[in-house]
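Okay, run-v8.cif now, which holds mmCIF, C-alpha atoms:
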```cif
data_input
loop_
_atom_site.group_PDB
_atom_site.id
_atom_site.type_symbol
_atom_site.label_atom_id
_atom_site.label_comp_id
_atom_site.auth_asym_id
_atom_site.auth_seq_id
_atom_site.Cartn_x
_atom_site.Cartn_y
_atom_site.Cartn_z
ATOM 1 C CA VAL A 57 65.179 148.936 127.621
ATOM 2 C CA PRO A 58 65.197 147.487 124.089
ATOM 3 C CA LEU A 59 66.217 143.848 123.782
ATOM 4 C CA GLU A 60 69.358 142.961 121.844
ATOM 5 C CA PRO A 61 70.256 139.758 119.983
ATOM 6 C CA GLY A 62 73.048 137.828 121.643
ATOM 7 C CA LYS A 63 74.626 134.406 122.074
ATOM 8 C CA VAL A 64 73.352 132.473 125.061
ATOM 9 C CA THR A 65 74.022 128.940 126.254
ATOM 10 C CA ALA A 66 71.040 126.646 126.696
ATOM 11 C CA SER A 67 71.469 123.696 129.088
ATOM 12 C CA TYR A 68 69.385 120.559 129.063
ATOM 13 C CA LEU A 69 69.949 117.044 130.408
ATOM 14 C CA GLY A 70 73.614 117.785 131.029
ATOM 15 C CA SER A 71 74.285 119.138 127.544
ATOM 16 C CA GLU A 72 74.959 122.748 126.568
ATOM 17 C CA PHE A 73 74.165 124.462 123.288
ATOM 18 C CA PRO A 74 75.024 127.940 122.049
ATOM 19 C CA ILE A 75 72.001 129.685 120.550
ATOM 20 C CA GLU A 76 71.233 133.264 119.484
ATOM 21 C CA LEU A 77 68.284 134.818 121.341
ATOM 22 C CA TRP A 78 66.985 138.251 122.300
ATOM 23 C CA LYS A 79 68.219 139.333 125.714
ATOM 24 C CA CYS A 80 68.001 142.354 127.979
ATOM 25 C CA PRO A 81 71.302 144.275 128.166
ATOM 26 C CA GLY A 82 70.268 145.498 131.623
ATOM 27 C CA CYS A 83 69.328 142.371 133.596
ATOM 28 C CA GLY A 84 70.613 139.707 131.177
ATOM 29 C CA LYS A 85 67.273 137.872 131.029
ATOM 30 C CA VAL A 86 66.586 136.036 127.804
ATOM 31 C CA LEU A 87 63.382 136.014 125.768
ATOM 32 C CA VAL A 88 62.432 132.527 124.618
ATOM 33 C CA PRO A 89 59.610 132.923 122.061
ATOM 34 C CA GLU A 90 56.765 130.423 122.388
ATOM 35 C CA SER A 91 57.407 129.237 118.827
ATOM 36 C CA LEU A 92 60.972 128.313 119.791
ATOM 37 C CA ALA A 93 59.934 126.626 123.055
ATOM 38 C CA THR A 94 57.275 124.486 121.387
ATOM 39 C CA GLY A 95 59.158 124.009 118.111
ATOM 40 C CA LYS A 96 62.904 123.580 117.933
ATOM 41 C CA MET A 97 63.452 123.301 121.696
ATOM 42 C CA LEU A 98 60.847 120.545 121.924
ATOM 43 C CA GLN A 99 62.572 118.677 119.114
ATOM 44 C CA VAL A 100 65.921 119.162 120.864
ATOM 45 C CA GLU A 101 64.462 117.762 124.087
ATOM 46 C CA GLN A 102 63.170 114.739 122.225
ATOM 47 C CA ALA A 103 66.536 114.260 120.494
ATOM 48 C CA LEU A 104 68.326 114.326 123.848
ATOM 49 C CA GLU A 105 66.012 111.835 125.515
ATOM 50 C CA ASP A 106 67.493 108.353 125.556
ATOM 51 C CA LYS A 107 64.636 105.868 125.514
ATOM 52 C CA MET B 103 82.129 112.910 109.171
ATOM 53 C CA SER B 104 83.326 111.078 106.186
ATOM 54 C CA SER B 105 82.164 110.677 102.654
ATOM 55 C CA LEU B 106 83.517 107.183 102.169
ATOM 56 C CA CYS B 107 81.896 105.245 99.397
ATOM 57 C CA SER B 108 82.692 102.838 96.655
ATOM 58 C CA THR B 109 82.109 105.356 93.944
ATOM 59 C CA ARG B 110 82.541 109.087 93.919
ATOM 60 C CA GLU B 111 78.962 109.587 92.707
ATOM 61 C CA HIS B 112 77.564 108.220 95.973
ATOM 62 C CA SER B 113 79.473 110.608 98.194
ATOM 63 C CA ALA B 114 77.341 113.057 100.145
ATOM 64 C CA TYR B 115 80.013 115.698 99.524
ATOM 65 C CA ALA B 116 80.240 114.952 95.809
ATOM 66 C CA THR B 117 76.469 115.218 95.406
ATOM 67 C CA GLY B 118 76.403 118.509 97.295
ATOM 68 C CA LYS B 119 74.133 117.143 100.051
ATOM 69 C CA ILE B 120 76.837 118.019 102.557
ATOM 70 C CA THR B 121 79.404 120.762 102.255
ATOM 71 C CA TYR B 122 82.751 120.734 103.992
ATOM 72 C CA GLU B 123 81.496 123.674 106.083
ATOM 73 C CA ASP B 124 78.833 121.292 107.483
ATOM 74 C CA ASP B 125 81.505 118.934 108.813
ATOM 75 C CA ARG B 126 81.224 120.052 112.437
ATOM 76 C CA LEU B 127 77.450 119.387 112.382
ATOM 77 C CA PHE B 128 78.014 115.747 111.456
ATOM 78 C CA ARG B 129 80.740 114.993 113.946
ATOM 79 C CA PRO B 130 79.537 113.313 117.145
ATOM 80 C CA GLY B 131 81.972 114.008 119.963
ATOM 81 C CA GLY B 132 84.133 116.322 117.849
ATOM 82 C CA LEU B 133 87.876 116.255 118.347
ATOM 83 C CA THR B 134 87.374 115.223 121.983
ATOM 84 C CA LEU B 135 86.435 111.768 120.733
ATOM 85 C CA THR B 136 89.410 111.741 118.359
ATOM 86 C CA ALA B 137 91.690 112.552 121.297
ATOM 87 C CA ARG B 138 90.109 109.718 123.297
ATOM 88 C CA ALA B 139 90.748 107.284 120.436
ATOM 89 C CA ILE B 140 94.421 108.256 120.282
ATOM 90 C CA GLU B 141 94.681 107.901 124.066
ATOM 91 C CA LEU B 142 93.105 104.428 124.075
ATOM 92 C CA ALA B 143 95.353 103.377 121.187
ATOM 93 C CA HIS B 144 98.498 104.627 122.956
ATOM 94 C CA LEU B 145 99.681 106.372 119.803
ATOM 95 C CA ALA B 146 102.261 109.121 120.133
ATOM 96 C CA ALA B 147 104.283 111.614 118.111
ATOM 97 C CA GLY B 148 106.098 109.978 115.225
ATOM 98 C CA ALA B 149 103.393 107.379 114.582
ATOM 99 C CA THR B 150 101.847 107.099 111.123
ATOM 100 C CA VAL B 151 98.048 107.159 111.117
ATOM 101 C CA ILE B 152 95.676 106.863 108.152
ATOM 102 C CA ASP B 153 92.350 108.653 108.627
ATOM 103 C CA VAL B 154 89.975 106.678 106.415
ATOM 104 C CA GLY B 155 87.015 108.819 105.409
ATOM 105 C CA CYS B 156 88.697 112.026 106.475
ATOM 106 C CA GLY B 157 86.054 114.342 104.998
ATOM 107 C CA ALA B 158 87.236 117.919 105.413
ATOM 108 C CA GLY B 159 90.414 116.719 107.145
ATOM 109 C CA GLN B 160 89.801 118.153 110.617
ATOM 110 C CA SER B 161 91.205 115.075 112.360
ATOM 111 C CA VAL B 162 94.176 114.924 109.983
ATOM 112 C CA ARG B 163 95.129 118.460 110.961
ATOM 113 C CA TYR B 164 94.511 117.755 114.662
ATOM 114 C CA LEU B 165 96.723 114.644 114.619
ATOM 115 C CA ARG B 166 99.514 116.666 113.033
ATOM 116 C CA THR B 167 99.406 119.073 115.972
ATOM 117 C CA LEU B 168 100.225 116.012 118.131
ATOM 118 C CA GLY B 169 103.244 115.225 115.970
ATOM 119 C CA ILE B 170 101.500 112.246 114.360
ATOM 120 C CA ASN B 171 102.161 111.693 110.657
ATOM 121 C CA SER B 172 98.547 111.640 109.570
ATOM 122 C CA ILE B 173 97.301 110.968 106.071
ATOM 123 C CA GLY B 174 93.661 111.416 105.147
ATOM 124 C CA VAL B 175 91.873 109.189 102.651
ATOM 125 C CA ASP B 176 88.509 110.058 101.213
ATOM 126 C CA CYS B 177 86.726 109.207 98.007
ATOM 127 C CA ALA B 178 85.742 112.790 97.259
ATOM 128 C CA ASN B 179 88.175 115.194 98.772
ATOM 129 C CA GLY B 180 89.975 116.361 95.677
ATOM 130 C CA GLY B 181 93.191 115.321 97.374
ATOM 131 C CA ASP B 182 96.460 114.139 95.950
ATOM 132 C CA SER B 183 96.690 111.085 93.776
ATOM 133 C CA ALA B 184 98.145 107.912 95.231
ATOM 134 C CA SER B 185 101.316 108.513 93.227
ATOM 135 C CA ASP B 186 102.071 111.426 95.577
ATOM 136 C CA LEU B 187 102.394 109.017 98.497
ATOM 137 C CA SER B 188 106.113 109.625 98.863
ATOM 138 C CA SER B 189 105.655 113.368 99.192
ATOM 139 C CA ALA B 190 106.058 114.675 102.717
ATOM 140 C CA SER B 191 103.672 117.529 102.014
ATOM 141 C CA HIS B 192 100.518 115.579 101.186
ATOM 142 C CA THR B 193 97.779 115.357 103.768
ATOM 143 C CA THR B 194 94.891 113.752 101.927
ATOM 144 C CA ILE B 195 94.556 111.188 99.174
ATOM 145 C CA GLU B 196 91.516 110.502 97.041
ATOM 146 C CA ALA B 197 90.856 106.763 97.225
ATOM 147 C CA SER B 198 88.369 104.132 98.308
ATOM 148 C CA ALA B 199 88.573 102.496 101.751
ATOM 149 C CA GLU B 200 88.095 99.148 100.091
ATOM 150 C CA ASP B 201 91.242 99.599 98.013
ATOM 151 C CA LEU B 202 93.678 101.631 100.070
ATOM 152 C CA PRO B 203 96.694 102.926 98.113
ATOM 153 C CA PHE B 204 99.234 101.889 100.746
ATOM 154 C CA PRO B 205 101.635 98.950 100.970
ATOM 155 C CA ASP B 206 101.280 96.181 103.558
ATOM 156 C CA ASN B 207 102.588 96.996 107.069
ATOM 157 C CA PHE B 208 102.473 100.723 106.350
ATOM 158 C CA ALA B 209 100.743 102.387 109.309
ATOM 159 C CA ASP B 210 100.798 102.317 113.103
ATOM 160 C CA GLY B 211 97.163 103.334 113.240
ATOM 161 C CA VAL B 212 94.006 103.489 111.169
ATOM 162 C CA LEU B 213 91.274 105.898 112.222
ATOM 163 C CA ALA B 214 87.728 105.599 110.854
ATOM 164 C CA GLU B 215 85.362 108.179 112.296
ATOM 165 C CA CYS B 216 81.729 107.755 111.275
ATOM 166 C CA SER B 217 82.905 106.238 108.017
ATOM 167 C CA VAL B 218 82.625 102.433 108.269
ATOM 168 C CA SER B 219 78.813 102.703 108.391
ATOM 169 C CA VAL B 220 78.711 104.428 104.993
ATOM 170 C CA MET B 221 80.997 101.947 103.271
ATOM 171 C CA GLU B 222 79.270 99.603 100.852
ATOM 172 C CA LYS B 223 81.657 96.725 101.592
ATOM 173 C CA GLN B 224 82.464 96.988 105.295
ATOM 174 C CA GLY B 225 84.114 93.557 105.446
ATOM 175 C CA ARG B 226 86.418 94.385 102.550
ATOM 176 C CA ALA B 227 87.387 97.662 104.245
ATOM 177 C CA VAL B 228 88.228 95.895 107.532
ATOM 178 C CA SER B 229 90.410 93.503 105.560
ATOM 179 C CA GLU B 230 92.217 96.500 104.020
ATOM 180 C CA PHE B 231 92.743 98.048 107.475
ATOM 181 C CA ALA B 232 94.356 94.772 108.579
ATOM 182 C CA ARG B 233 96.604 94.713 105.514
ATOM 183 C CA VAL B 234 98.029 98.232 105.890
ATOM 184 C CA LEU B 235 98.591 98.025 109.659
ATOM 185 C CA VAL B 236 101.887 96.898 111.148
ATOM 186 C CA ASP B 237 101.973 94.069 113.681
ATOM 187 C CA GLY B 238 100.600 95.628 116.874
ATOM 188 C CA GLY B 239 99.043 98.487 114.901
ATOM 189 C CA ARG B 240 95.836 100.015 116.239
ATOM 190 C CA LEU B 241 92.472 100.341 114.546
ATOM 191 C CA MET B 242 90.225 103.079 115.938
ATOM 192 C CA ILE B 243 86.582 103.137 114.856
ATOM 193 C CA SER B 244 83.860 105.495 116.063
ATOM 194 C CA ASP B 245 80.472 105.081 114.453
ATOM 195 C CA LEU B 246 76.738 104.461 114.711
ATOM 196 C CA TYR B 247 75.707 101.159 116.278
ATOM 197 C CA ALA B 248 72.515 99.374 117.203
ATOM 198 C CA ARG B 249 72.179 99.170 120.968
ATOM 199 C CA GLN B 250 69.126 97.003 120.303
ATOM 200 C CA PRO B 251 70.307 94.699 117.477
ATOM 201 C CA ASN B 252 66.824 93.107 117.195
ATOM 202 C CA GLY B 253 65.666 96.337 115.571
ATOM 203 C CA ILE B 254 68.401 96.583 112.942
ATOM 204 C CA ALA B 255 66.255 95.190 110.081
ATOM 205 C CA GLN B 256 64.155 98.371 109.888
ATOM 206 C CA VAL B 257 67.281 100.544 109.825
ATOM 207 C CA ARG B 258 68.845 98.515 107.022
ATOM 208 C CA LYS B 259 65.729 99.003 104.894
ATOM 209 C CA LEU B 260 66.516 102.735 104.721
ATOM 210 C CA LYS B 261 68.333 102.469 101.413
ATOM 211 C CA ASN B 262 70.781 105.302 100.690
ATOM 212 C CA SER B 263 70.336 106.791 104.136
ATOM 213 C CA CYS B 264 73.504 107.481 106.095
ATOM 214 C CA VAL B 265 72.176 105.273 108.896
ATOM 215 C CA ALA B 266 71.431 102.175 106.776
ATOM 216 C CA GLY B 267 74.936 100.872 107.472
ATOM 217 C CA THR B 268 74.557 101.161 111.261
ATOM 218 C CA ILE B 269 76.906 98.669 112.849
ATOM 219 C CA VAL B 270 75.930 95.647 114.925
ATOM 220 C CA ARG B 271 78.641 95.090 117.504
ATOM 221 C CA ASP B 272 78.742 91.291 117.271
ATOM 222 C CA GLU B 273 79.019 91.425 113.483
ATOM 223 C CA LEU B 274 81.829 93.971 113.517
ATOM 224 C CA GLU B 275 83.772 92.122 116.206
ATOM 225 C CA ALA B 276 83.454 88.827 114.301
ATOM 226 C CA SER B 277 84.731 90.557 111.165
ATOM 227 C CA LEU B 278 87.657 92.051 113.096
ATOM 228 C CA VAL B 279 88.659 88.746 114.700
ATOM 229 C CA ALA B 280 88.508 87.040 111.295
ATOM 230 C CA CYS B 281 91.004 89.625 110.004
ATOM 231 C CA GLY B 282 93.446 89.138 112.877
ATOM 232 C CA PHE B 283 92.323 91.891 115.249
ATOM 233 C CA GLU B 284 91.904 91.737 118.993
ATOM 234 C CA VAL B 285 89.352 94.196 120.389
ATOM 235 C CA ASN B 286 90.886 96.105 123.314
ATOM 236 C CA ALA B 287 88.247 98.698 124.141
ATOM 237 C CA TRP B 288 84.612 99.477 123.333
ATOM 238 C CA GLU B 289 83.041 102.623 124.784
ATOM 239 C CA ASP B 290 79.514 103.945 124.402
ATOM 240 C CA HIS B 291 79.344 107.617 123.370
ATOM 241 C CA SER B 292 75.656 107.815 122.505
ATOM 242 C CA LYS B 293 75.311 111.101 124.376
ATOM 243 C CA ALA B 294 77.604 112.697 121.775
ATOM 244 C CA LEU B 295 75.253 111.522 119.010
ATOM 245 C CA ARG B 296 72.215 112.974 120.786
ATOM 246 C CA GLU B 297 74.011 116.305 121.237
ATOM 247 C CA CYS B 298 74.951 116.272 117.567
ATOM 248 C CA ALA B 299 71.283 115.840 116.620
ATOM 249 C CA ALA B 300 70.251 118.608 119.004
ATOM 250 C CA ARG B 301 72.816 121.014 117.513
ATOM 251 C CA PHE B 302 71.585 120.167 114.035
ATOM 252 C CA ILE B 303 67.995 121.011 115.030
ATOM 253 C CA LEU B 304 69.046 124.335 116.551
ATOM 254 C CA GLU B 305 70.939 125.337 113.417
ATOM 255 C CA ARG B 306 68.700 123.877 110.706
ATOM 256 C CA GLY B 307 65.275 123.920 112.335
ATOM 257 C CA SER B 308 64.667 120.153 112.169
ATOM 258 C CA LEU B 309 66.381 116.802 111.702
ATOM 259 C CA GLN B 310 65.352 116.751 108.045
ATOM 260 C CA GLY B 311 68.538 116.388 106.056
ATOM 261 C CA MET B 312 70.668 114.972 108.846
ATOM 262 C CA TRP B 313 70.335 111.279 108.105
ATOM 263 C CA ASN B 314 69.075 110.999 104.554
ATOM 264 C CA CYS B 315 72.177 111.813 102.509
ATOM 265 C CA ASP B 316 70.843 110.540 99.204
ATOM 266 C CA GLY B 317 67.748 108.762 100.393
ATOM 267 C CA GLU B 318 64.075 109.555 100.079
ATOM 268 C CA ALA B 319 62.830 108.459 103.508
ATOM 269 C CA SER B 320 61.464 111.249 105.704
ATOM 270 C CA ALA B 321 63.231 112.309 108.887
ATOM 271 C CA GLU B 322 60.289 110.854 110.846
ATOM 272 C CA THR B 323 60.634 107.430 109.169
ATOM 273 C CA ILE B 324 64.378 107.401 109.821
ATOM 274 C CA GLN B 325 63.956 108.516 113.432
ATOM 275 C CA ALA B 326 61.355 105.797 114.049
ATOM 276 C CA ALA B 327 63.664 103.085 112.673
ATOM 277 C CA MET B 328 66.599 104.448 114.682
ATOM 278 C CA LYS B 329 64.495 104.359 117.830
ATOM 279 C CA LEU B 330 63.627 100.686 117.284
ATOM 280 C CA ALA B 331 67.312 99.785 117.059
ATOM 281 C CA ARG B 332 68.249 102.358 119.738
ATOM 282 C CA VAL B 333 70.965 103.678 117.459
ATOM 283 C CA GLY B 334 73.833 105.068 119.484
ATOM 284 C CA TYR B 335 77.497 105.873 118.975
ATOM 285 C CA PHE B 336 80.593 103.933 119.985
ATOM 286 C CA LEU B 337 84.357 104.189 120.042
ATOM 287 C CA MET B 338 86.364 101.018 119.638
ATOM 288 C CA VAL B 339 90.069 100.269 119.546
ATOM 289 C CA ALA B 340 91.514 96.984 118.301
ATOM 290 C CA THR B 341 95.050 95.696 117.822
ATOM 291 C CA ARG B 342 96.291 94.002 114.660
ATOM 292 C CA ASN B 343 98.087 90.793 115.583
ATOM 293 C CA ARG B 344 100.068 89.454 112.675
ATOM 294 C CA ARG B 345 101.699 86.763 114.799
ATOM 295 C CA GLU B 346 99.745 83.597 115.357
ATOM 296 C CA PRO B 347 98.598 83.206 118.982
ATOM 297 C CA GLU B 348 100.910 80.855 120.875
ATOM 298 C CA GLU B 349 98.107 78.532 122.018
ATOM 299 C CA ARG B 350 97.086 77.945 118.385
ATOM 300 C CA ARG B 351 100.671 77.082 117.442
ATOM 301 C CA LEU B 352 100.918 74.671 120.372
ATOM 302 C CA GLN B 353 97.704 72.901 119.326
ATOM 303 C CA ARG B 354 99.360 71.679 116.106
#
```

Could you quickly redo this structure as structure tokens?
Amino acid sequence: VPLEPGKVTASYLGSEFPIELWKCPGCGKVLVPESLATGKMLQVEQALEDK
Amino acid sequence: MSSLCSTREHSAYATGKITYEDDRLFRPGGLTLTARAIELAHLAAGATVIDVGCGAGQSVRYLRTLGINSIGVDCANGGDSASDLSSASHTTIEASAEDLPFPDNFADGVLAECSVSVMEKQGRAVSEFARVLVDGGRLMISDLYARQPNGIAQVRKLKNSCVAGTIVRDELEASLVACGFEVNAWEDHSKALRECAARFILERGSLQGMWNCDGEASAETIQAAMKLARVGYFLMVATRNRREPEERRLQR
């Protein structure tokens, strides 16, 4: 089944963010590319940490 | 998010660093925080509220849905001139916070959302808020503040950055008391600031551009200074007391 772009909601440390990602129209699973996980998402994690 | 400044040239909107479409990205807490301010200030339909540093006017429009007579002031909004003050149709006026185009005892409330920190003369602005408020009028400020005031020196070195004017609670409260205000509430909303930063990263790819309106410091330098001062976000409500406290009168 080809993946389709779609709005998903990412949750982290009690905060939710809408983000556009590729997801499977069949099972609803979302593809998080490694570049996103180690790039923007890492920065978001660091921004949300309260040290 | 406001674009308050002493001169139009310094405004982030006027220089094109921020567009009015970006407003939601620079608005910690969104209208939820505005609603909280109105709740804490006990303001209701029929009240007159000046939104100082209204930016794109989102709060002005929101307050009108509550029946509040809201007027936005910003130094670069292309709004009406002060001479239009008597018009019932105006919503925003182009003016400086340090020289508000309103008579004394004009408003029931003054709202300053993320705008005091970008004013060049914060003390002068607070004095203007006191002047235009009626006796018992409410001042509502939400803005950046140093949760670790010992680290504020590094933040203040960031010339022309939006965060250079980060507020120190003790300093602001002293300034308010000197102008006849009594602080009624102070709430920490630092989570809203962190979420704002996270949203910015998701949309723009990094924090570059979020804090350095006109400045040259890198996002990393700004973030490091902000970490030292543990820059967070607050909401405060104070009441303007024009009458002298009774105990002071009795001391004479």

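Straight-line separation from CA of Ser244 (chain B) to CA of Glu141 (chain B): 13.7 Å.
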
Translate the PyMOL selection byres ((chain A) within 12 of (chain B)), as applied to the file shown, into an explicit residue set as a PyMOL selection string.
chain A and resi 65-77+91-93+95-107

Explicit residues for the PyMOL selection byres ((chain B and resi 218) around 8) (as a ChimeraX atom specification)
/B:106,214-217,219-221,224,227,243,245,267

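Of the listed residues (B:Phe231, B:Thr193, B:Met312, B:Glu318), B:Met312 comes nearest to Arg129 (chain B); the distances count all atoms listed in the file.
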
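As for CA of Gly174 (chain B) and CA of Val151 (chain B), they are spaced 8.5 Å apart.
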
Quick one: apply the PyMOL selection byres ((chain B and resi 135) around 10) to the file and drop the selected residues here as a ChimeraX atom specification.
/B:129-134,136-141,215,244,291,294,336-337

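The spacing separating CA of Leu278 (chain B) from CA of His144 (chain B) amounts to 19.3 Å.
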
Region 202-206 of chain B: which residues within 7 Å, counting all atoms listed in the file, same-chain residues fewer than 6 positions away excluded, as a VMD selection string?
chain B and resid 184 230 233 to 235

Starting from the sparse input, extend region 223-232 of chain B to all heavy atoms and give the output as a short mmCIF file (atom, residue, chain, number, x, y, z; two decimals), in the frame of the given file.
```cif
data_model
loop_
_atom_site.label_atom_id
_atom_site.label_comp_id
_atom_site.auth_asym_id
_atom_site.auth_seq_id
_atom_site.Cartn_x
_atom_site.Cartn_y
_atom_site.Cartn_z
N LYS B 223 81.10 98.04 101.29
CA LYS B 223 81.66 96.72 101.59
C LYS B 223 82.48 96.83 102.87
O LYS B 223 83.71 96.96 102.83
CB LYS B 223 82.53 96.24 100.43
CG LYS B 223 81.74 96.05 99.14
CD LYS B 223 82.67 95.79 97.97
CE LYS B 223 81.88 95.78 96.66
NZ LYS B 223 82.75 95.88 95.48
N GLN B 224 81.79 96.79 104.01
CA GLN B 224 82.46 96.99 105.30
C GLN B 224 83.51 95.90 105.56
O GLN B 224 84.59 96.19 106.06
CB GLN B 224 81.44 97.02 106.42
CG GLN B 224 80.49 98.22 106.35
CD GLN B 224 79.45 98.23 107.47
OE1 GLN B 224 79.43 97.37 108.33
NE2 GLN B 224 78.58 99.23 107.43
N GLY B 225 83.18 94.66 105.22
CA GLY B 225 84.11 93.56 105.45
C GLY B 225 85.40 93.73 104.66
O GLY B 225 86.50 93.49 105.16
N ARG B 226 85.26 94.16 103.42
CA ARG B 226 86.42 94.38 102.55
C ARG B 226 87.29 95.51 103.13
O ARG B 226 88.52 95.43 103.11
CB ARG B 226 85.93 94.73 101.14
CG ARG B 226 86.98 95.24 100.19
CD ARG B 226 87.94 94.14 99.76
NE ARG B 226 89.08 94.71 99.05
CZ ARG B 226 90.27 94.16 98.97
NH1 ARG B 226 90.49 92.99 99.55
NH2 ARG B 226 91.24 94.74 98.32
N ALA B 227 86.64 96.54 103.66
CA ALA B 227 87.39 97.66 104.24
C ALA B 227 88.17 97.21 105.48
O ALA B 227 89.35 97.56 105.64
CB ALA B 227 86.43 98.79 104.61
N VAL B 228 87.53 96.39 106.33
CA VAL B 228 88.23 95.90 107.53
C VAL B 228 89.45 95.08 107.13
O VAL B 228 90.52 95.17 107.74
CB VAL B 228 87.26 95.06 108.41
CG1 VAL B 228 88.01 94.31 109.50
CG2 VAL B 228 86.21 95.96 109.04
N SER B 229 89.30 94.30 106.07
CA SER B 229 90.41 93.50 105.56
C SER B 229 91.56 94.42 105.08
O SER B 229 92.73 94.12 105.29
CB SER B 229 89.89 92.63 104.42
OG SER B 229 90.92 92.05 103.72
N GLU B 230 91.21 95.54 104.46
CA GLU B 230 92.22 96.50 104.02
C GLU B 230 92.91 97.16 105.22
O GLU B 230 94.13 97.38 105.20
CB GLU B 230 91.57 97.58 103.13
CG GLU B 230 91.44 97.21 101.69
CD GLU B 230 92.81 97.08 101.01
OE1 GLU B 230 93.38 95.98 101.06
OE2 GLU B 230 93.28 98.07 100.45
N PHE B 231 92.14 97.46 106.26
CA PHE B 231 92.74 98.05 107.48
C PHE B 231 93.80 97.08 108.03
O PHE B 231 94.89 97.49 108.43
CB PHE B 231 91.69 98.31 108.56
CG PHE B 231 90.57 99.25 108.17
CD1 PHE B 231 89.37 99.26 108.88
CD2 PHE B 231 90.71 100.11 107.09
CE1 PHE B 231 88.34 100.13 108.53
CE2 PHE B 231 89.67 100.98 106.73
CZ PHE B 231 88.49 100.98 107.45
N ALA B 232 93.44 95.79 108.05
CA ALA B 232 94.36 94.77 108.58
C ALA B 232 95.63 94.71 107.73
O ALA B 232 96.73 94.55 108.25
CB ALA B 232 93.67 93.41 108.61
#
```
